[in-house]
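Visitor: Below is the file input22.cif, with mmCIF, C-alpha atoms.
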data_my_file
loop_
_atom_site.label_atom_id
_atom_site.label_comp_id
_atom_site.auth_asym_id
_atom_site.auth_seq_id
_atom_site.Cartn_x
_atom_site.Cartn_y
_atom_site.Cartn_z
CA ASN I 40 327.08 183.71 91.06
CA SER I 41 325.31 180.52 89.97
CA SER I 42 325.40 179.20 93.54
CA HIS I 43 323.97 182.45 94.87
CA ILE I 44 321.25 182.44 92.23
CA LEU I 45 320.15 178.87 92.98
CA ARG I 46 320.09 179.61 96.70
CA GLU I 47 317.92 182.69 96.10
CA PHE I 48 315.52 180.67 93.95
CA TYR I 49 315.13 178.13 96.76
CA PHE I 50 314.09 180.81 99.20
CA GLU I 51 311.80 182.56 96.72
CA SER I 52 310.33 181.08 93.56
CA PRO I 53 309.31 182.08 91.01
CA GLN I 54 311.04 185.38 90.43
CA SER I 55 312.38 187.53 87.62
CA ILE I 56 315.90 188.40 86.55
CA ALA I 57 315.33 192.00 87.65
CA SER I 58 314.34 190.83 91.13
CA LEU I 59 317.41 188.60 91.36
CA SER I 60 319.64 191.40 90.18
CA GLN I 61 318.38 193.66 92.95
CA LYS I 62 318.75 191.03 95.68
CA ILE I 63 322.18 189.77 94.67
CA GLY I 64 323.57 193.16 93.74
CA LYS I 65 324.78 192.10 90.29
CA SER I 66 323.95 193.59 86.89
CA VAL I 67 320.96 192.41 84.86
CA PRO I 68 323.17 191.26 81.92
CA LEU I 69 325.31 189.15 84.28
CA ILE I 70 322.27 187.59 85.97
CA THR I 71 320.69 186.94 82.56
CA LYS I 72 323.81 185.08 81.41
CA GLU I 73 323.90 182.95 84.57
CA VAL I 74 320.17 182.15 84.40
CA GLN I 75 320.51 181.05 80.78
CA HIS I 76 323.42 178.80 81.77
CA LEU I 77 321.35 177.21 84.57
CA LEU I 78 318.39 176.75 82.22
CA LYS I 79 320.64 174.80 79.82
CA LYS I 80 321.85 172.72 82.74
CA GLY I 81 318.22 171.92 83.55
CA LEU I 82 318.53 173.30 87.09
CA LEU I 83 316.06 176.12 86.42
CA LYS I 84 312.79 176.17 84.52
CA GLU I 85 310.68 178.91 82.96
CA MET I 86 307.44 179.75 84.76
CA GLY I 87 305.74 182.09 82.30
CA LEU I 88 305.21 185.82 82.62
CA ALA I 89 304.68 187.96 85.70
CA GLN I 90 301.49 189.93 86.16
CA SER I 91 301.46 193.21 84.29
CA ASN I 92 302.30 196.37 86.22
CA GLY I 93 301.83 198.63 83.23
CA GLY I 94 305.05 197.81 81.40
CA ARG I 95 306.53 194.79 79.70
CA ARG I 96 305.77 191.59 81.60
CA ALA I 97 308.88 189.95 83.02
CA ASN I 98 309.80 186.30 82.54
CA LEU I 99 309.68 184.24 85.72
CA PHE I 100 311.97 181.37 86.63
CA ALA I 101 312.10 178.74 89.37
CA LEU I 102 314.22 175.80 90.49
CA ASN I 103 313.68 172.61 88.53
CA SER I 104 313.43 170.29 91.52
CA ASN I 105 313.18 167.20 89.31
CA ASN I 106 316.79 167.72 88.24
CA LEU I 107 318.12 168.55 91.68
CA PRO I 108 319.21 166.12 94.41
CA ARG I 109 317.42 165.35 97.68
CA LEU I 110 318.26 165.95 101.32
CA LEU I 111 317.87 163.63 104.28
CA LEU I 112 316.28 165.55 107.16
CA ILE I 113 316.43 164.59 110.82
CA ALA I 114 314.24 166.79 113.03
CA ILE I 115 314.52 166.03 116.74
CA ASN I 116 312.48 167.33 119.65
CA GLN I 117 312.38 166.26 123.28
CA LYS I 118 309.99 163.36 122.64
CA GLU I 119 310.59 162.09 119.12
CA ILE I 120 312.80 161.90 116.05
CA VAL I 121 311.30 162.68 112.64
CA LEU I 122 312.98 161.43 109.45
CA SER I 123 312.12 162.64 105.97
CA ILE I 124 313.59 163.22 102.52
CA TYR I 125 312.83 166.55 100.83
CA ASP I 126 313.34 167.97 97.37
CA PHE I 127 314.23 171.60 96.70
CA SER I 128 310.60 172.67 96.55
CA ASN I 129 310.25 171.68 100.24
CA GLN I 130 308.15 168.68 99.30
CA PRO I 131 308.63 165.30 100.98
CA ILE I 132 309.76 162.53 98.64
CA ARG I 133 308.98 159.97 101.31
CA GLU I 134 306.31 160.01 103.98
CA LYS I 135 307.98 161.20 107.16
CA GLU I 136 308.74 158.60 109.78
CA ILE I 137 308.22 159.41 113.47
CA ILE I 138 310.28 157.51 116.04
CA ASP I 139 309.11 157.80 119.65
CA ILE I 140 312.48 158.15 121.37
CA ALA I 141 313.38 160.96 123.76
CA PHE I 142 316.77 162.23 122.56
CA HIS I 143 317.87 163.28 126.05
CA SER I 144 316.85 160.03 127.77
CA ASP I 145 319.10 157.12 128.74
CA GLU I 146 317.32 154.99 126.11
CA MET I 147 318.73 157.17 123.37
CA THR I 148 322.10 156.23 121.94
CA ILE I 149 323.70 157.35 118.72
CA ASN I 150 323.69 153.72 117.58
CA THR I 151 319.90 153.68 118.00
CA LEU I 152 319.61 156.72 115.75
CA LEU I 153 322.01 155.30 113.16
CA LEU I 154 320.04 152.05 113.00
CA GLU I 155 316.76 153.95 112.53
CA VAL I 156 318.27 156.05 109.73
CA ASP I 157 319.68 152.90 108.10
CA GLU I 158 316.24 151.27 108.12
CA PHE I 159 314.64 154.42 106.75
CA LEU I 160 317.14 154.68 103.88
CA LYS I 161 316.66 151.04 102.87
CA LYS I 162 313.31 152.13 101.43
CA HIS I 163 314.84 154.91 99.31
CA GLU I 164 317.41 155.37 96.57
CA THR I 165 320.29 157.08 98.36
CA SER I 166 322.58 158.00 95.47
CA ASN I 167 320.69 161.26 94.88
CA ILE I 168 320.87 162.39 98.53
CA VAL I 169 323.37 165.22 98.47
CA ALA I 170 323.47 166.09 102.18
CA ILE I 171 322.06 165.46 105.65
CA SER I 172 320.58 168.13 107.88
CA ILE I 173 319.74 167.72 111.55
CA THR I 174 317.98 170.03 114.01
CA VAL I 175 317.93 169.31 117.71
CA PRO I 176 317.14 171.04 121.02
CA GLY I 177 320.05 172.34 123.04
CA PHE I 178 323.06 174.62 122.87
CA VAL I 179 324.09 173.96 119.29
CA ASN I 180 327.33 175.51 118.05
CA THR I 181 326.78 175.48 114.28
CA GLU I 182 330.32 176.59 113.46
CA LEU I 183 331.89 173.70 115.36
CA GLY I 184 328.99 171.39 114.53
CA VAL I 185 328.46 170.24 118.12
CA ASN I 186 325.66 170.21 120.67
CA THR I 187 327.34 171.59 123.77
CA SER I 188 324.41 170.56 125.96
CA TYR I 189 326.24 167.24 126.26
CA SER I 190 329.65 166.45 127.74
CA GLU I 191 332.75 165.69 125.69
CA LYS I 192 332.27 161.98 126.41
CA ASP I 193 328.64 161.90 125.26
CA LYS I 194 328.36 160.97 121.58
CA ARG I 195 325.24 163.11 121.23
CA ARG I 196 327.56 166.11 121.43
CA LYS I 197 329.16 165.12 118.10
CA ILE I 198 326.07 163.81 116.35
CA ARG I 199 326.82 165.86 113.20
CA SER I 200 330.31 164.43 112.63
CA ILE I 201 329.14 160.89 113.49
CA LEU I 202 326.37 161.06 110.88
CA GLU I 203 328.73 162.58 108.33
CA GLU I 204 331.31 159.84 108.82
CA LYS I 205 328.72 157.05 108.79
CA PHE I 206 326.86 158.12 105.63
CA GLN I 207 329.68 159.99 103.84
CA LYS I 208 327.48 162.98 103.11
CA PRO I 209 328.00 166.65 104.07
CA THR I 210 326.02 167.11 107.30
CA TYR I 211 324.69 170.29 108.93
CA ILE I 212 323.27 170.92 112.39
CA GLU I 213 321.15 173.69 113.92
CA ASN I 214 319.09 174.33 117.04
CA ASP I 215 315.43 173.32 116.54
CA SER I 216 313.90 176.69 117.49
CA THR I 217 316.38 178.58 115.32
CA ALA I 218 315.47 176.34 112.38
CA ILE I 219 311.76 177.00 112.95
CA ALA I 220 312.44 180.75 112.97
CA ILE I 221 314.27 180.41 109.64
CA ALA I 222 311.31 178.50 108.19
CA GLU I 223 308.80 181.11 109.36
CA HIS I 224 310.96 184.00 108.09
CA LYS I 225 311.52 182.50 104.66
CA PHE I 226 308.24 180.67 104.03
CA GLY I 227 305.70 181.65 106.71
CA HIS I 228 303.98 184.66 108.25
CA ALA I 229 307.32 186.37 108.99
CA ARG I 230 308.28 186.51 105.32
CA SER I 231 307.63 190.22 104.84
CA SER I 232 308.80 191.34 108.29
CA SER I 233 312.24 192.40 109.50
CA ASP I 234 311.74 192.23 113.30
CA VAL I 235 310.02 189.00 114.31
CA LEU I 236 310.17 186.63 117.26
CA VAL I 237 309.20 183.00 116.62
CA ILE I 238 308.16 180.93 119.64
CA ASN I 239 308.58 177.19 119.39
CA LEU I 240 305.80 175.99 121.68
CA ASN I 241 306.66 172.38 122.31
CA TRP I 242 307.88 170.32 125.28
CA GLY I 243 309.94 173.37 126.05
CA VAL I 244 309.37 176.97 124.94
CA GLY I 245 312.05 177.84 122.41
CA LEU I 246 312.66 181.14 120.67
CA GLY I 247 314.16 182.19 117.35
CA MET I 248 314.81 185.87 116.66
CA ILE I 249 314.87 187.76 113.39
CA ILE I 250 316.26 191.26 114.04
CA ASN I 251 316.77 193.77 111.20
CA ASN I 252 315.88 191.00 108.76
CA LYS I 253 318.70 188.77 110.01
CA LEU I 254 318.81 185.77 112.28
CA PHE I 255 320.04 186.89 115.71
CA LYS I 256 321.91 184.27 117.74
CA GLY I 257 323.88 186.38 120.23
CA SER I 258 327.61 186.53 120.87
CA SER I 259 327.92 182.84 121.79
CA GLY I 260 325.26 181.62 119.35
CA PHE I 261 322.84 180.60 122.10
CA ALA I 262 320.38 183.52 122.21
CA GLY I 263 316.71 182.59 122.55
CA GLU I 264 316.56 180.46 125.70
CA PHE I 265 313.03 181.69 126.35
CA SER I 266 312.17 178.54 128.34
CA HIS I 267 314.57 179.48 131.10
CA ILE I 268 313.59 183.08 131.81
CA PRO I 269 312.67 183.03 135.53
CA LEU I 270 309.01 184.04 135.27
CA SER I 271 307.33 181.15 137.08
CA ASN I 272 306.05 181.49 140.63
CA LEU I 273 306.07 177.72 141.06
CA ASN I 274 308.91 176.17 143.02
CA LYS I 275 309.12 173.36 140.49
CA LEU I 276 312.45 172.11 139.17
CA CYS I 277 312.98 172.76 135.46
CA SER I 278 314.71 170.38 133.05
CA CYS I 279 317.71 172.74 133.17
CA GLY I 280 318.12 172.08 136.90
CA LYS I 281 316.95 175.49 138.09
CA ARG I 282 313.66 176.72 139.56
CA GLY I 283 311.31 179.44 138.37
CA CYS I 284 311.74 178.85 134.64
CA LEU I 285 308.89 179.75 132.27
CA GLU I 286 309.01 176.20 130.85
CA VAL I 287 307.43 174.67 133.96
CA GLU I 288 304.24 176.69 133.37
CA ALA I 289 304.11 177.39 129.63
CA SER I 290 305.14 174.18 127.81
CA LEU I 291 303.05 171.27 126.52
CA GLU I 292 304.40 169.21 129.41
CA ALA I 293 302.96 171.84 131.76
CA ALA I 294 299.51 171.44 130.15
CA ILE I 295 299.63 167.69 130.77
CA ASN I 296 300.78 168.17 134.37
CA TYR I 297 297.98 170.69 134.98
CA ALA I 298 295.29 168.29 133.70
CA VAL I 299 296.68 165.31 135.62
CA GLN I 300 296.82 167.26 138.86
CA LYS I 301 293.24 168.47 138.44
CA ILE I 302 292.03 164.91 137.81
CA LYS I 303 293.88 163.72 140.91
CA ASN I 304 292.06 166.45 142.82
CA GLY I 305 288.70 165.07 141.69
CA GLU I 306 287.97 167.29 138.68
CA THR I 307 285.26 166.01 136.33
CA SER I 308 286.39 165.60 132.73
CA ALA I 309 286.19 163.38 129.67
CA LEU I 310 289.90 162.83 130.29
CA VAL I 311 289.33 160.94 133.55
CA ASN I 312 288.74 157.55 131.90
CA LYS I 313 291.80 157.99 129.69
CA TYR I 314 293.92 158.83 132.71
CA ASN I 315 292.58 155.94 134.77
CA SER I 316 293.24 153.49 131.90
CA ASN I 317 296.77 154.61 131.07
CA GLY I 318 297.97 156.18 134.30
CA THR I 319 298.91 159.29 132.34
CA LEU I 320 297.69 161.60 129.56
CA GLU I 321 299.10 162.40 126.14
CA ILE I 322 298.99 165.89 124.69
CA LEU I 323 296.81 164.60 121.82
CA ASP I 324 294.26 163.34 124.38
CA ILE I 325 293.95 166.85 125.82
CA LEU I 326 293.86 168.39 122.35
CA GLN I 327 290.99 166.16 121.21
CA ALA I 328 289.07 166.77 124.42
CA ALA I 329 289.55 170.55 124.12
CA HIS I 330 288.21 170.58 120.57
CA ASN I 331 285.23 168.60 121.84
CA GLY I 332 284.54 171.32 124.41
CA ASP I 333 285.93 169.62 127.53
CA GLN I 334 286.38 172.35 130.12
CA LEU I 335 289.39 170.85 131.90
CA ALA I 336 291.23 170.41 128.60
CA ILE I 337 290.46 174.01 127.59
CA GLU I 338 291.53 175.20 131.04
CA SER I 339 294.82 173.26 130.74
CA PHE I 340 295.71 175.06 127.52
CA GLY I 341 294.48 178.35 128.96
CA SER I 342 296.88 177.89 131.86
CA ILE I 343 299.96 177.55 129.65
CA ALA I 344 298.71 180.32 127.35
CA TYR I 345 298.49 182.76 130.25
CA ALA I 346 302.04 181.91 131.34
CA LEU I 347 303.17 182.22 127.73
CA GLY I 348 301.48 185.63 127.49
CA LYS I 349 303.42 186.78 130.55
CA GLY I 350 306.63 185.76 128.82
CA ILE I 351 305.57 187.41 125.57
CA ALA I 352 304.98 190.68 127.48
CA THR I 353 308.61 190.53 128.62
CA LEU I 354 309.81 189.93 125.05
CA ILE I 355 307.77 192.87 123.74
CA HIS I 356 309.26 195.19 126.35
CA ILE I 357 312.81 194.16 125.39
CA ILE I 358 312.62 193.74 121.59
CA ASN I 359 309.44 195.63 120.54
CA PRO I 360 308.96 193.32 117.52
CA GLU I 361 306.56 193.81 114.64
CA LYS I 362 305.27 190.24 114.95
CA ILE I 363 305.41 187.31 117.33
CA ILE I 364 304.64 183.99 115.69
CA ILE I 365 303.70 180.90 117.70
CA SER I 366 305.00 177.83 115.92
CA GLY I 367 306.01 174.26 116.77
CA PHE I 368 303.54 171.60 117.93
CA GLY I 369 301.61 174.32 119.79
CA VAL I 370 300.00 175.44 116.51
CA LYS I 371 297.72 172.41 116.83
CA ILE I 372 296.15 174.09 119.87
CA GLY I 373 295.52 177.09 117.65
CA GLN I 374 293.20 179.91 118.62
CA LEU I 375 292.46 178.32 122.00
CA LEU I 376 295.71 179.95 123.11
CA MET I 377 294.84 183.50 122.17
CA PRO I 378 292.29 184.65 124.82
CA GLN I 379 294.64 183.92 127.75
CA ILE I 380 297.69 185.26 125.92
CA GLN I 381 295.81 188.52 125.33
CA SER I 382 294.64 188.58 128.94
CA ALA I 383 298.22 188.27 130.20
CA LEU I 384 299.40 190.96 127.78
CA LEU I 385 296.79 193.37 129.10
CA GLU I 386 297.94 192.65 132.63
CA TYR I 387 301.71 192.65 132.17
CA SER I 388 302.60 194.76 129.12
CA ILE I 389 302.68 198.47 128.41
CA GLN I 390 299.95 198.99 125.86
CA ARG I 391 301.78 201.52 123.68
CA LEU I 392 304.35 198.77 123.07
CA SER I 393 302.15 195.68 122.81
CA GLU I 394 299.48 197.27 120.60
CA LYS I 395 302.04 197.56 117.79
CA THR I 396 302.97 193.86 117.96
CA THR I 397 300.84 191.32 116.09
CA ILE I 398 300.66 187.81 117.57
CA ILE I 399 299.99 185.09 115.00
CA ILE I 400 299.49 181.34 115.16
CA SER I 401 301.67 179.79 112.43
CA GLU I 402 300.00 178.12 109.46
CA LEU I 403 303.23 176.50 108.26
CA ASP I 404 303.04 172.70 108.20
CA ASP I 405 306.15 170.86 109.45
CA ALA I 406 307.99 174.07 110.27
CA GLN I 407 310.92 172.24 111.88
CA LEU I 408 311.43 170.01 108.84
CA ILE I 409 311.31 173.01 106.51
CA GLY I 410 313.79 174.82 108.77
CA THR I 411 316.00 171.73 108.76
CA MET I 412 315.96 171.81 104.96
CA ALA I 413 316.63 175.56 104.80
CA THR I 414 319.59 175.20 107.17
CA ALA I 415 321.30 172.83 104.76
CA VAL I 416 320.40 174.82 101.64
CA ALA I 417 322.01 177.94 103.11
CA ASN I 418 325.27 176.06 103.65
CA LEU I 419 325.42 173.65 100.69
CA ASP I 420 328.34 173.58 98.29
CA TRP I 421 326.22 174.33 95.24
CA LYS I 422 329.21 174.00 92.88
CA LEU I 423 329.04 170.22 93.25
CA ILE I 424 325.37 170.25 92.26
CA ILE I 425 325.98 172.56 89.30
CA GLN I 426 328.77 170.29 88.04
CA ASP I 427 326.63 167.16 88.38
CA THR I 428 323.22 167.27 86.68
CA LYS I 429 322.51 163.53 86.96
CA HIS I 430 320.26 163.79 90.03
CA SER I 431 316.87 163.59 88.31
#
Just give me the structure as structure tokens.
Guide:
Amino acid sequence: NSSHILREFYFESPQSIASLSQKIGKSVPLITKEVQHLLKKGLLKEMGLAQSNGGRRANLFALNSNNLPRLLLIAINQKEIVLSIYDFSNQPIREKEIIDIAFHSDEMTINTLLLEVDEFLKKHETSNIVAISITVPGFVNTELGVNTSYSEKDKRRKIRSILEEKFQKPTYIENDSTAIAIAEHKFGHARSSSDVLVINLNWGVGLGMIINNKLFKGSSGFAGEFSHIPLSNLNKLCSCGKRGCLEVEASLEAAINYAVQKIKNGETSALVNKYNSNGTLEILDILQAAHNGDQLAIESFGSIAYALGKGIATLIHIINPEKIIISGFGVKIGQLLMPQIQSALLEYSIQRLSEKTTIIISELDDAQLIGTMATAVANLDWKLIIQDTKHS
């Protein structure tokens, strides 16, 4: 019961004993006894009284993060590795560190990652780190703790067990887009909704699904491969090895490719000098130019937004969700995405379905890191934390 209570407080704080009783399905006297025990342990703290609803105002409680341990978070996308240490209020204890290494490239080895983590931890007291959590693109089997995108001989397949053995801490792994969906459902715009699709707009186009208020992963655990729905009319090879995938038209990489091709064709843009100097463009170059009103940059994002809208129309027809939330790095593009998404929806969706679905740009900062944290919290052995209160 104590473990369940602490987990519930992580996902929603502050809250009352009556609220906990309803969620956990245990009696108010039992919950009261457990809360008092955790208060004495210093793992919970009182947060004053709830707003009056006409009756007696309830006492509110929350996790006492100062007396709880920390977690090492490793959030990986196709282009970089982000390291951070969080407390149980989802606050970073250390400034996150971004390492520009593509996880799927030949440059990337597990030894490289281990060395980077070692260097990162040298700047932090590690005795109060209770666990490690890692999120990564690919076909992640959370039960076995492996990334089946890689062969048996590739150490990246067993990254969870390698980290666990190296650092002697319980280690958890989840798919990046699934983690982002968890973050949005527990802490973002999807919090009050039971049927939500969360799109991870990044170097690919990932998808996490909340159906009937529960994370939906499919029979094999790999549901949500939105990137590889064959909706593209281009004959371009996708990273998965097939042609026609949505990813080749709707990802951040597609926006860069669009701008580069237009420049090669003689298009006028503020991006031309940047391209001529570096021989390529970065997504932040296009983002800055778009916010400065550069037409090619705006057109590049409009191009991927239209393709994304076409994909969203397909999702609406299949799932009919209450909300679709666009998360991941794509939130930095923001409202520039919406006109072309709406245009594609008008063209490709049945209005009586799409008019009931709200499309929202996420406002959650560091959604993948928060999802990485939440993944571990949901699986932690809380009994060890309850027994040991020396983590302050």
Visitor: To one decimal place in Å, what is the distance between atom CA of Phe368 of chain I and atom CA of Ile173 of chain I?
Guide: 17.8 Å
Visitor: Box time for segment 72-88 of chain I: axis-aligned, enclosing all its listed atoms, 6 Å extra on each side; report centre and edge lengths in Å to one decimal, as lines of an AutoDock Vina configuration file.
Guide:
center_x = 314.6
center_y = 178.9
center_z = 83.5
size_x = 30.7
size_y = 25.9
size_z = 19.3
Visitor: Please write the residues picked by the PyMOL selection byres ((chain I and resi 198) around 12) on this file as an NGL selection string.
Guide: :I and (113 or 115 or 142 or 148-153 or 171-175 or 179-181 or 183-189 or 191-197 or 199-205 or 210-213)
Visitor: For atom CA of Asp324 of chain I and atom CA of Lys275 of chain I, determine how far apart the two atoms are, in Å to one decimal place.
Guide: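 If I compute the distance from atom CA of Asp324 of chain I to atom CA of Lys275 of chain I, I get 24.1 Å.
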Visitor: Applied to the shown file, which residues does the PyMOL selection byres ((chain I and resi 269-272) around 7) return, written as a ChimeraX atom specification?
Guide: /I:267-268,273-274,283-285,288
Visitor: Print the selection's residues with C-alpha atoms to a file, as a PDB file, in the coordinates of the input.
Guide:
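The resulting file, result38.pdb, is shown below:
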ATOM      1  CA  HIS I 267     314.570 179.480 131.100  1.00  0.00           C
ATOM      2  CA  ILE I 268     313.590 183.080 131.810  1.00  0.00           C
ATOM      3  CA  LEU I 273     306.070 177.720 141.060  1.00  0.00           C
ATOM      4  CA  ASN I 274     308.910 176.170 143.020  1.00  0.00           C
ATOM      5  CA  GLY I 283     311.310 179.440 138.370  1.00  0.00           C
ATOM      6  CA  CYS I 284     311.740 178.850 134.640  1.00  0.00           C
ATOM      7  CA  LEU I 285     308.890 179.750 132.270  1.00  0.00           C
ATOM      8  CA  GLU I 288     304.240 176.690 133.370  1.00  0.00           C
TER       9      GLU I 288
END
Visitor: Rank I:Leu347, I:Ile238, I:Ile322, I:Ala417 by their smallest atom-to-atom distance to Ser401 of chain I, using only C-alpha atoms, and report the top residue only.
Guide: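 Under the stated criterion, the closest residue is I:Ile238.
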Visitor: Compute the distance from (303.3, 163.4, 126.5) to each atom, counting all atoms listed in the file, keep the residues with any atom at most 9 Å away, and return them as JSON, numbers by chain; use the coordinates of the file.
Guide: {"I": [118, 242, 291, 292, 295, 319, 320, 321, 322, 323]}
Visitor: May I have the residues within 8 Å of segment 371-376 of chain I as a list in words, using only C-alpha atoms and disregarding those fewer than 5 positions away in the same chain?
Guide: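 Here the answer would be Leu326, Ile337, Phe340, Gly341, Ala344 and Ile400 of chain I.
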Visitor: Restricting the output to C-alpha atoms, write the selected residues as an mmCIF file, in the frame of the given file.
Guide:
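Output (selection-v8.cif):
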data_model
loop_
_atom_site.group_PDB
_atom_site.id
_atom_site.type_symbol
_atom_site.label_atom_id
_atom_site.label_comp_id
_atom_site.auth_asym_id
_atom_site.auth_seq_id
_atom_site.Cartn_x
_atom_site.Cartn_y
_atom_site.Cartn_z
ATOM 1 C CA LEU I 326 293.860 168.390 122.350
ATOM 2 C CA ILE I 337 290.460 174.010 127.590
ATOM 3 C CA PHE I 340 295.710 175.060 127.520
ATOM 4 C CA GLY I 341 294.480 178.350 128.960
ATOM 5 C CA ALA I 344 298.710 180.320 127.350
ATOM 6 C CA ILE I 400 299.490 181.340 115.160
#
Visitor: Record the distance separating atom CA of Ala293 of chain I and atom CA of Leu335 of chain I, expressed in Å with one decimal.
Guide: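 Going from atom CA of Ala293 of chain I over to atom CA of Leu335 of chain I covers 13.6 Å.
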Visitor: Starting from the incomplete input, reconstruct N, CA and C atoms of segment 62-83 of chain I and report them as a CSV table (one decimal), in the frame of the given file.
Guide:
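Full text of part_7.csv as output:
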chain,number,residue,atom,x,y,z
I,62,LYS,N,318.4,191.7,94.4
I,62,LYS,CA,318.8,191.0,95.7
I,62,LYS,C,320.2,190.7,95.8
I,63,ILE,N,320.8,190.2,94.7
I,63,ILE,CA,322.2,189.8,94.7
I,63,ILE,C,323.2,190.9,94.5
I,64,GLY,N,322.7,192.0,93.9
I,64,GLY,CA,323.6,193.2,93.7
I,64,GLY,C,324.5,193.0,92.5
I,65,LYS,N,324.0,192.3,91.5
I,65,LYS,CA,324.8,192.1,90.3
I,65,LYS,C,324.0,192.6,89.1
I,66,SER,N,324.6,193.0,88.0
I,66,SER,CA,324.0,193.6,86.9
I,66,SER,C,323.0,192.6,86.2
I,67,VAL,N,322.0,193.2,85.6
I,67,VAL,CA,321.0,192.4,84.9
I,67,VAL,C,321.6,191.6,83.8
I,68,PRO,N,322.5,192.1,82.9
I,68,PRO,CA,323.2,191.3,81.9
I,68,PRO,C,323.9,190.0,82.5
I,69,LEU,N,324.6,190.3,83.6
I,69,LEU,CA,325.3,189.2,84.3
I,69,LEU,C,324.3,188.1,84.8
I,70,ILE,N,323.3,188.5,85.5
I,70,ILE,CA,322.3,187.6,86.0
I,70,ILE,C,321.6,186.8,84.8
I,71,THR,N,321.3,187.6,83.7
I,71,THR,CA,320.7,186.9,82.6
I,71,THR,C,321.6,185.8,82.0
I,72,LYS,N,322.9,186.1,81.9
I,72,LYS,CA,323.8,185.1,81.4
I,72,LYS,C,323.8,183.8,82.3
I,73,GLU,N,323.9,184.1,83.6
I,73,GLU,CA,323.9,183.0,84.6
I,73,GLU,C,322.6,182.1,84.5
I,74,VAL,N,321.5,182.8,84.5
I,74,VAL,CA,320.2,182.2,84.4
I,74,VAL,C,320.1,181.3,83.1
I,75,GLN,N,320.5,181.8,82.0
I,75,GLN,CA,320.5,181.0,80.8
I,75,GLN,C,321.4,179.8,80.9
I,76,HIS,N,322.5,179.9,81.5
I,76,HIS,CA,323.4,178.8,81.8
I,76,HIS,C,322.7,177.7,82.6
I,77,LEU,N,322.0,178.2,83.7
I,77,LEU,CA,321.4,177.2,84.6
I,77,LEU,C,320.1,176.6,83.9
I,78,LEU,N,319.5,177.3,83.0
I,78,LEU,CA,318.4,176.8,82.2
I,78,LEU,C,318.9,175.6,81.3
I,79,LYS,N,320.1,175.8,80.7
I,79,LYS,CA,320.6,174.8,79.8
I,79,LYS,C,321.0,173.6,80.6
I,80,LYS,N,321.5,173.8,81.8
I,80,LYS,CA,321.8,172.7,82.7
I,80,LYS,C,320.6,172.0,83.2
I,81,GLY,N,319.4,172.5,83.1
I,81,GLY,CA,318.2,171.9,83.6
I,81,GLY,C,318.0,172.1,85.0
I,82,LEU,N,318.7,173.1,85.7
I,82,LEU,CA,318.5,173.3,87.1
I,82,LEU,C,317.5,174.4,87.4
I,83,LEU,N,317.2,175.2,86.3
I,83,LEU,CA,316.1,176.1,86.4
I,83,LEU,C,315.0,175.8,85.4
